[in-house]
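Structure file work39.cif with mmCIF, C-alpha atoms:
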```
data_coords
loop_
_atom_site.label_atom_id
_atom_site.label_comp_id
_atom_site.auth_asym_id
_atom_site.auth_seq_id
_atom_site.Cartn_x
_atom_site.Cartn_y
_atom_site.Cartn_z
CA MET Z 1 121.64 52.28 208.96
CA LYS Z 2 118.48 53.83 207.48
CA LYS Z 3 119.70 57.32 208.46
CA ILE Z 4 122.97 56.74 206.56
CA VAL Z 5 121.03 55.65 203.44
CA TYR Z 6 118.77 58.74 203.66
CA VAL Z 7 121.80 61.02 203.97
CA LEU Z 8 123.53 59.44 200.98
CA VAL Z 9 120.37 59.70 198.82
CA PHE Z 10 119.84 63.34 199.82
CA ALA Z 11 123.48 64.17 199.03
CA ALA Z 12 123.20 62.54 195.62
CA LEU Z 13 120.02 64.53 194.88
CA ILE Z 14 121.72 67.82 195.81
CA ALA Z 15 124.72 66.99 193.60
CA SER Z 16 122.41 66.16 190.69
CA LEU Z 17 120.52 69.44 191.00
CA ALA Z 18 123.75 71.42 191.22
CA GLY Z 19 125.01 69.77 188.05
CA CYS Z 20 121.82 70.65 186.19
CA GLY Z 21 122.03 74.26 187.30
CA SER Z 22 125.59 74.67 186.12
CA SER Z 23 124.75 73.39 182.64
CA ALA Z 24 121.88 75.85 182.06
CA ALA Z 25 122.49 79.12 180.21
CA ALA Z 26 123.14 82.07 182.47
CA PRO Z 27 120.26 84.54 182.75
CA GLY Z 28 120.37 87.21 180.07
CA THR Z 29 122.63 85.25 177.71
CA SER Z 30 121.61 84.34 174.16
CA PRO Z 31 121.33 80.67 173.16
CA THR Z 32 124.15 79.51 170.93
CA VAL Z 33 123.58 78.06 167.48
CA ALA Z 34 124.60 74.44 167.20
CA SER Z 35 127.94 74.13 165.46
CA ASP Z 36 126.64 71.40 163.16
CA VAL Z 37 123.84 73.53 161.67
CA ARG Z 38 124.58 73.85 157.95
CA LEU Z 39 123.86 77.20 156.35
CA PRO Z 40 122.35 77.40 152.85
CA ASP Z 41 124.75 77.21 149.91
CA LEU Z 42 124.63 79.91 147.23
CA LEU Z 43 124.43 78.02 143.94
CA ASP Z 44 123.88 80.82 141.44
CA HIS Z 45 123.03 84.51 141.21
CA LYS Z 46 122.38 87.18 138.62
CA ASN Z 47 126.00 88.38 138.37
CA LEU Z 48 127.76 85.00 138.62
CA ALA Z 49 128.08 84.54 134.85
CA PHE Z 50 129.84 87.93 134.67
CA GLY Z 51 132.25 87.15 137.52
CA ARG Z 52 130.80 89.88 139.73
CA ASP Z 53 129.73 89.79 143.37
CA VAL Z 54 126.23 90.05 144.82
CA PRO Z 55 125.52 93.79 145.32
CA ASP Z 56 125.49 95.10 148.89
CA TRP Z 57 121.85 96.20 148.89
CA VAL Z 58 120.65 92.61 148.52
CA MET Z 59 122.10 91.72 151.93
CA LEU Z 60 121.06 94.91 153.73
CA GLU Z 61 117.89 95.87 155.55
CA GLN Z 62 115.73 98.63 154.10
CA GLY Z 63 116.89 101.21 156.67
CA GLU Z 64 120.53 100.34 156.03
CA ILE Z 65 120.08 100.84 152.29
CA GLU Z 66 118.73 104.36 152.88
CA GLU Z 67 121.97 105.17 154.72
CA LEU Z 68 124.08 104.40 151.64
CA PRO Z 69 125.37 107.56 149.87
CA LYS Z 70 123.72 106.41 146.64
CA TYR Z 71 120.26 106.61 148.21
CA LYS Z 72 120.64 109.58 150.55
CA ASP Z 73 118.00 111.57 148.64
CA PHE Z 74 115.52 108.69 148.38
CA TYR Z 75 113.18 106.58 150.44
CA VAL Z 76 113.66 102.94 149.53
CA PHE Z 77 111.30 99.98 149.66
CA LYS Z 78 112.68 96.46 149.43
CA PHE Z 79 110.57 93.45 148.51
CA GLU Z 80 111.41 89.79 148.08
CA GLU Z 81 109.71 86.59 147.02
CA SER Z 82 110.97 83.01 147.06
CA GLY Z 83 109.90 79.99 145.04
CA SER Z 84 111.13 76.91 143.23
CA SER Z 85 110.95 78.58 139.79
CA LEU Z 86 112.92 81.65 138.74
CA ASP Z 87 110.30 82.40 136.07
CA GLY Z 88 107.62 82.16 138.76
CA VAL Z 89 109.20 84.67 141.11
CA LYS Z 90 109.98 87.00 138.22
CA LEU Z 91 106.36 86.84 137.10
CA TRP Z 92 105.25 87.73 140.63
CA ALA Z 93 107.58 90.76 140.51
CA GLN Z 94 106.18 91.89 137.16
CA GLN Z 95 102.59 91.63 138.40
CA PHE Z 96 103.42 93.17 141.76
CA THR Z 97 101.45 96.36 142.50
CA ALA Z 98 104.07 98.55 144.12
CA ALA Z 99 101.89 101.60 144.79
CA ALA Z 100 99.52 99.89 147.25
CA THR Z 101 102.33 98.16 149.15
CA ILE Z 102 104.47 101.29 149.31
CA ALA Z 103 101.47 103.26 150.56
CA GLN Z 104 100.98 100.73 153.36
CA GLN Z 105 104.64 100.93 154.33
CA VAL Z 106 104.45 104.73 154.35
CA ASN Z 107 101.38 104.45 156.57
CA ASN Z 108 103.30 102.25 159.00
CA ARG Z 109 106.31 104.55 159.06
CA VAL Z 110 104.14 107.60 159.76
CA GLN Z 111 102.38 105.77 162.61
CA VAL Z 112 105.69 104.69 164.13
CA LYS Z 113 107.20 108.18 163.92
CA VAL Z 114 104.16 109.95 165.33
CA GLY Z 115 103.60 107.24 167.93
CA GLY Z 116 107.12 107.65 169.26
CA ALA Z 117 106.87 111.44 169.63
CA ASN Z 118 105.05 113.64 172.11
CA VAL Z 119 102.56 115.32 169.79
CA GLY Z 120 99.50 115.18 172.03
CA ASP Z 121 96.72 112.90 173.16
CA ARG Z 122 95.86 110.17 170.66
CA ASN Z 123 92.22 111.25 170.78
CA GLU Z 124 93.36 114.60 169.42
CA THR Z 125 95.57 113.23 166.63
CA GLY Z 126 94.44 109.68 165.84
CA GLY Z 127 91.45 110.44 163.61
CA TYR Z 128 93.31 113.25 161.85
CA ILE Z 129 96.25 111.03 160.94
CA GLU Z 130 94.03 108.14 159.90
CA MET Z 131 92.02 110.32 157.50
CA ALA Z 132 95.17 111.84 156.04
CA LEU Z 133 96.74 108.43 155.50
CA LYS Z 134 93.56 107.08 153.92
CA SER Z 135 93.69 109.98 151.49
CA LEU Z 136 97.34 109.23 150.83
CA SER Z 137 96.80 105.50 150.32
CA ASP Z 138 93.96 106.18 147.88
CA ALA Z 139 96.08 108.59 145.87
CA THR Z 140 98.06 107.61 142.81
CA PHE Z 141 101.69 107.50 143.80
CA SER Z 142 104.05 109.28 141.49
CA GLY Z 143 107.80 109.37 141.31
CA TYR Z 144 108.54 105.83 142.49
CA LYS Z 145 110.36 103.35 140.30
CA GLU Z 146 112.11 100.00 140.48
CA ALA Z 147 115.74 101.00 140.83
CA GLU Z 148 117.24 97.51 141.20
CA ASN Z 149 116.34 93.85 141.04
CA TYR Z 150 118.32 90.72 141.76
CA TRP Z 151 117.93 86.98 142.19
CA LEU Z 152 119.73 84.26 144.11
CA LYS Z 153 119.54 80.48 143.93
CA ARG Z 154 120.25 78.62 147.18
CA ARG Z 155 120.28 75.06 148.49
CA HIS Z 156 118.84 74.58 151.96
CA TYR Z 157 119.61 71.74 154.37
CA LYS Z 158 117.75 69.87 157.08
CA GLN Z 159 119.09 69.60 160.61
CA ASP Z 160 120.62 66.21 159.85
CA GLY Z 161 122.60 67.70 156.97
CA SER Z 162 120.56 66.21 154.14
CA VAL Z 163 119.26 68.44 151.33
CA ASP Z 164 115.91 70.05 152.09
CA ARG Z 165 115.21 72.11 148.95
CA GLU Z 166 116.58 74.48 146.33
CA ASP Z 167 114.83 77.77 145.69
CA PHE Z 168 115.13 81.17 144.06
CA THR Z 169 114.72 84.48 145.85
CA TYR Z 170 113.91 87.55 143.79
CA TYR Z 171 114.57 91.00 145.27
CA SER Z 172 113.06 94.28 144.07
CA LEU Z 173 114.24 97.67 145.26
CA TYR Z 174 111.93 100.63 144.67
CA THR Z 175 112.89 104.25 145.29
CA ILE Z 176 110.98 107.50 145.54
CA PRO Z 177 112.66 110.91 145.99
CA ARG Z 178 112.36 112.20 149.55
CA LYS Z 179 111.02 115.53 148.30
CA THR Z 180 108.29 113.78 146.32
CA LEU Z 181 107.06 111.60 149.17
CA ASP Z 182 107.37 114.35 151.77
CA GLY Z 183 105.26 116.53 149.47
CA LEU Z 184 102.58 113.83 149.15
CA ILE Z 185 102.38 113.46 152.92
CA SER Z 186 102.24 117.21 153.46
CA LYS Z 187 99.46 117.53 150.89
CA ALA Z 188 97.46 114.77 152.58
CA LEU Z 189 97.84 116.37 156.01
CA ASN Z 190 96.68 119.73 154.67
CA ASP Z 191 93.80 118.41 152.56
CA THR Z 192 90.81 120.11 154.19
CA SER Z 193 88.37 118.23 151.97
CA VAL Z 194 88.93 115.00 153.95
CA GLN Z 195 89.36 116.53 157.41
CA GLU Z 196 86.94 117.80 159.98
CA LYS Z 197 87.88 121.09 161.57
CA PRO Z 198 89.62 120.74 164.94
CA LYS Z 199 87.10 121.01 167.77
CA THR Z 200 89.44 122.49 170.37
CA GLU Z 201 92.60 124.58 170.52
CA ASN Z 202 94.43 121.54 171.92
CA GLU Z 203 93.40 119.46 168.92
CA LYS Z 204 94.50 122.22 166.54
CA ALA Z 205 97.86 122.50 168.30
CA ALA Z 206 98.32 118.71 168.19
CA ARG Z 207 97.73 118.69 164.44
CA GLU Z 208 100.32 121.40 163.96
CA ARG Z 209 102.84 119.36 165.95
CA VAL Z 210 102.15 116.34 163.73
CA LYS Z 211 102.72 118.44 160.59
CA ALA Z 212 105.96 119.89 161.95
CA LEU Z 213 107.19 116.44 162.93
CA LEU Z 214 106.51 114.87 159.53
CA GLU Z 215 108.06 117.81 157.69
CA GLU Z 216 111.35 116.48 159.07
CA GLY Z 217 110.86 113.32 156.99
CA LEU Z 218 110.12 109.70 157.86
#
```
Represent the structure from my file as structure tokens, please.
Amino acid sequence: MKKIVYVLVFAALIASLAGCGSSAAAPGTSPTVASDVRLPDLLDHKNLAFGRDVPDWVMLEQGEIEELPKYKDFYVFKFEESGSSLDGVKLWAQQFTAAATIAQQVNNRVQVKVGGANVGDRNETGGYIEMALKSLSDATFSGYKEAENYWLKRRHYKQDGSVDREDFTYYSLYTIPRKTLDGLISKALNDTSVQEKPKTENEKAARERVKALLEEGL
């Protein structure tokens, strides 16, 4: 009798484990978003009073904006800030120092482009690039301007469907001509006043590869 009980318990355990396994997501699949999650509602936006739609650039990533025909000759830099007051986020935008933030983004883009290319040992290029970028970040940027700005007002919800908050998001889009920024980078890379002379032929060759790479643009 005890053997029968043990067999039945073991069989039930196996069935339970099998059921759990079948309900789990298959390896490599993405988790699904619950169907009852409520997305934010758009309550108001800059163009609503004029019966016009939200412009495409507001909903696009920075790289996607650069692919638009309108901006093919420009680098673009998109910034956003959210808060409960429209006047507050606008004030932030007016006080925003674009030059320093754009310089940091340029720094990051240079590092990503050079880091993903075979230009030589980092010991041969790292210090050179860092000094050039420091010179660039300390320089006064010219040629950039705020090309667009926009604001949205949205209502956000909690998981249970109740209202969480309402806020404003203010977007700023800055542009700088590709020729202008490419020229600033080239000048920084060739500025001998902030660079030590290359110590070896390999280091000299690596620097030339960096210059050639960045002449293609970011």
* Within 7 Å of stretch 164-175 of chain Z, counting all atoms listed in the file, which residues show up once you throw out same-chain ones fewer than 4 positions away? Write them as a PyMOL selection string, please. => chain Z and resi 74-86+89-90+144-158
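For Z:Leu189, the set of protein, DNA and RNA residues having any atom at most 10 Å away, when counting only C-alpha atoms and skipping those fewer than 4 positions along the same chain, is Tyr128, Ile129, Glu130, Met131, Ala132, Leu133, Ser135, Leu136, Gly183, Leu184, Ile185, Val194, Gln195, Arg207, Glu208, Val210, Lys211 and Leu214 of chain Z.
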* Å distance separating atom CA of Z:Val163 from atom CA of Z:Asp44, one decimal place -> 16.5 Å
* Asked: Residues picked by the PyMOL selection byres ((chain Z and resi 177) around 7) here, as a PyMOL selection string?
  -> chain Z and resi 73-75+143+175-176+178-181
* To do: In Å, rounded to a single decimal, give me how far atom CA of Z:Ser162 is from atom CA of Z:Arg38.
  =>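 Taking atom CA of Z:Arg38 and atom CA of Z:Ser162, their separation equals 9.4 Å.
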* **Residue nearest Z:Ile102 among Z:Ser142, Z:Thr200, Z:Asn47, Z:Asn190 (counting only C-alpha atoms)** => Z:Ser142
Once you've located stretch 24-114 of chain Z in the structure I gave, write it as a compact mmCIF listing (two decimals), in the first residue's frame, keeping C-alpha atoms.
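The resulting file, result_16.txt, is shown below:
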```
# COMPACT_ATOMS: atom_id res chain seq x y z
CA ALA Z 24 7.43 29.54 -18.74
CA ALA Z 25 8.57 31.70 -21.66
CA ALA Z 26 10.64 29.86 -24.22
CA PRO Z 27 14.37 30.66 -24.14
CA GLY Z 28 15.25 33.64 -26.31
CA THR Z 29 11.72 35.06 -26.42
CA SER Z 30 10.86 38.55 -25.19
CA PRO Z 31 8.42 38.99 -22.30
CA THR Z 32 5.03 40.28 -23.38
CA VAL Z 33 3.54 43.48 -22.03
CA ALA Z 34 0.40 42.94 -20.01
CA SER Z 35 -2.66 43.78 -22.05
CA ASP Z 36 -4.14 45.84 -19.23
CA VAL Z 37 -1.20 48.27 -19.02
CA ARG Z 38 -2.57 51.71 -19.88
CA LEU Z 39 -0.34 53.96 -21.96
CA PRO Z 40 -0.13 57.70 -21.23
CA ASP Z 41 -2.79 59.93 -22.78
CA LEU Z 42 -1.72 62.96 -24.83
CA LEU Z 43 -3.72 65.85 -23.39
CA ASP Z 44 -2.23 68.83 -25.21
CA HIS Z 45 0.69 69.85 -27.41
CA LYS Z 46 2.14 72.91 -29.08
CA ASN Z 47 0.26 72.51 -32.38
CA LEU Z 48 -3.09 71.31 -31.01
CA ALA Z 49 -4.68 74.77 -31.01
CA PHE Z 50 -3.80 75.08 -34.71
CA GLY Z 51 -5.22 71.66 -35.63
CA ARG Z 52 -1.80 70.32 -36.64
CA ASP Z 53 -0.07 67.07 -35.73
CA VAL Z 54 2.99 66.53 -33.56
CA PRO Z 55 6.05 66.82 -35.86
CA ASP Z 56 7.91 63.62 -36.70
CA TRP Z 57 11.21 64.65 -35.11
CA VAL Z 58 9.65 64.70 -31.64
CA MET Z 59 9.01 60.95 -31.82
CA LEU Z 60 12.30 59.98 -33.46
CA GLU Z 61 15.69 59.13 -32.01
CA GLN Z 62 18.60 61.47 -32.70
CA GLY Z 63 20.15 59.15 -35.30
CA GLU Z 64 16.82 58.77 -37.09
CA ILE Z 65 16.41 62.55 -37.29
CA GLU Z 66 19.80 62.86 -39.01
CA GLU Z 67 18.54 60.48 -41.70
CA LEU Z 68 15.67 62.82 -42.63
CA PRO Z 69 16.29 64.72 -45.91
CA LYS Z 70 15.81 68.02 -44.07
CA TYR Z 71 18.85 67.35 -41.87
CA LYS Z 72 21.15 65.49 -44.27
CA ASP Z 73 23.77 68.26 -44.08
CA PHE Z 74 23.61 68.62 -40.28
CA TYR Z 75 24.50 66.85 -37.08
CA VAL Z 76 21.56 67.03 -34.71
CA PHE Z 77 21.37 66.98 -30.93
CA LYS Z 78 18.06 66.31 -29.22
CA PHE Z 79 17.37 67.20 -25.60
CA GLU Z 80 14.28 66.82 -23.43
CA GLU Z 81 13.14 67.72 -19.95
CA SER Z 82 9.95 66.81 -18.10
CA GLY Z 83 8.21 68.51 -15.20
CA SER Z 84 4.84 69.46 -13.78
CA SER Z 85 5.07 73.06 -15.03
CA LEU Z 86 5.35 74.12 -18.67
CA ASP Z 87 6.95 77.40 -17.58
CA GLY Z 88 9.46 75.41 -15.54
CA VAL Z 89 10.61 73.19 -18.38
CA LYS Z 90 10.74 76.16 -20.74
CA LEU Z 91 12.90 78.06 -18.27
CA TRP Z 92 15.25 75.07 -18.07
CA ALA Z 93 15.51 75.13 -21.88
CA GLN Z 94 16.29 78.86 -21.92
CA GLN Z 95 19.03 78.46 -19.30
CA PHE Z 96 20.38 75.29 -20.88
CA THR Z 97 24.04 75.55 -21.94
CA ALA Z 98 24.04 73.75 -25.27
CA ALA Z 99 27.74 74.10 -26.07
CA ALA Z 100 29.02 72.02 -23.15
CA THR Z 101 26.44 69.26 -23.64
CA ILE Z 102 26.98 69.12 -27.40
CA ALA Z 103 30.74 68.94 -26.83
CA GLN Z 104 30.25 65.96 -24.52
CA GLN Z 105 28.03 64.21 -27.06
CA VAL Z 106 30.63 64.84 -29.78
CA ASN Z 107 33.25 63.38 -27.45
CA ASN Z 108 31.15 60.26 -26.99
CA ARG Z 109 30.51 59.86 -30.72
CA VAL Z 110 34.21 60.19 -31.53
CA GLN Z 111 35.09 57.57 -28.90
CA VAL Z 112 32.47 55.17 -30.23
CA LYS Z 113 33.57 55.58 -33.84
CA VAL Z 114 37.27 55.23 -33.11
```
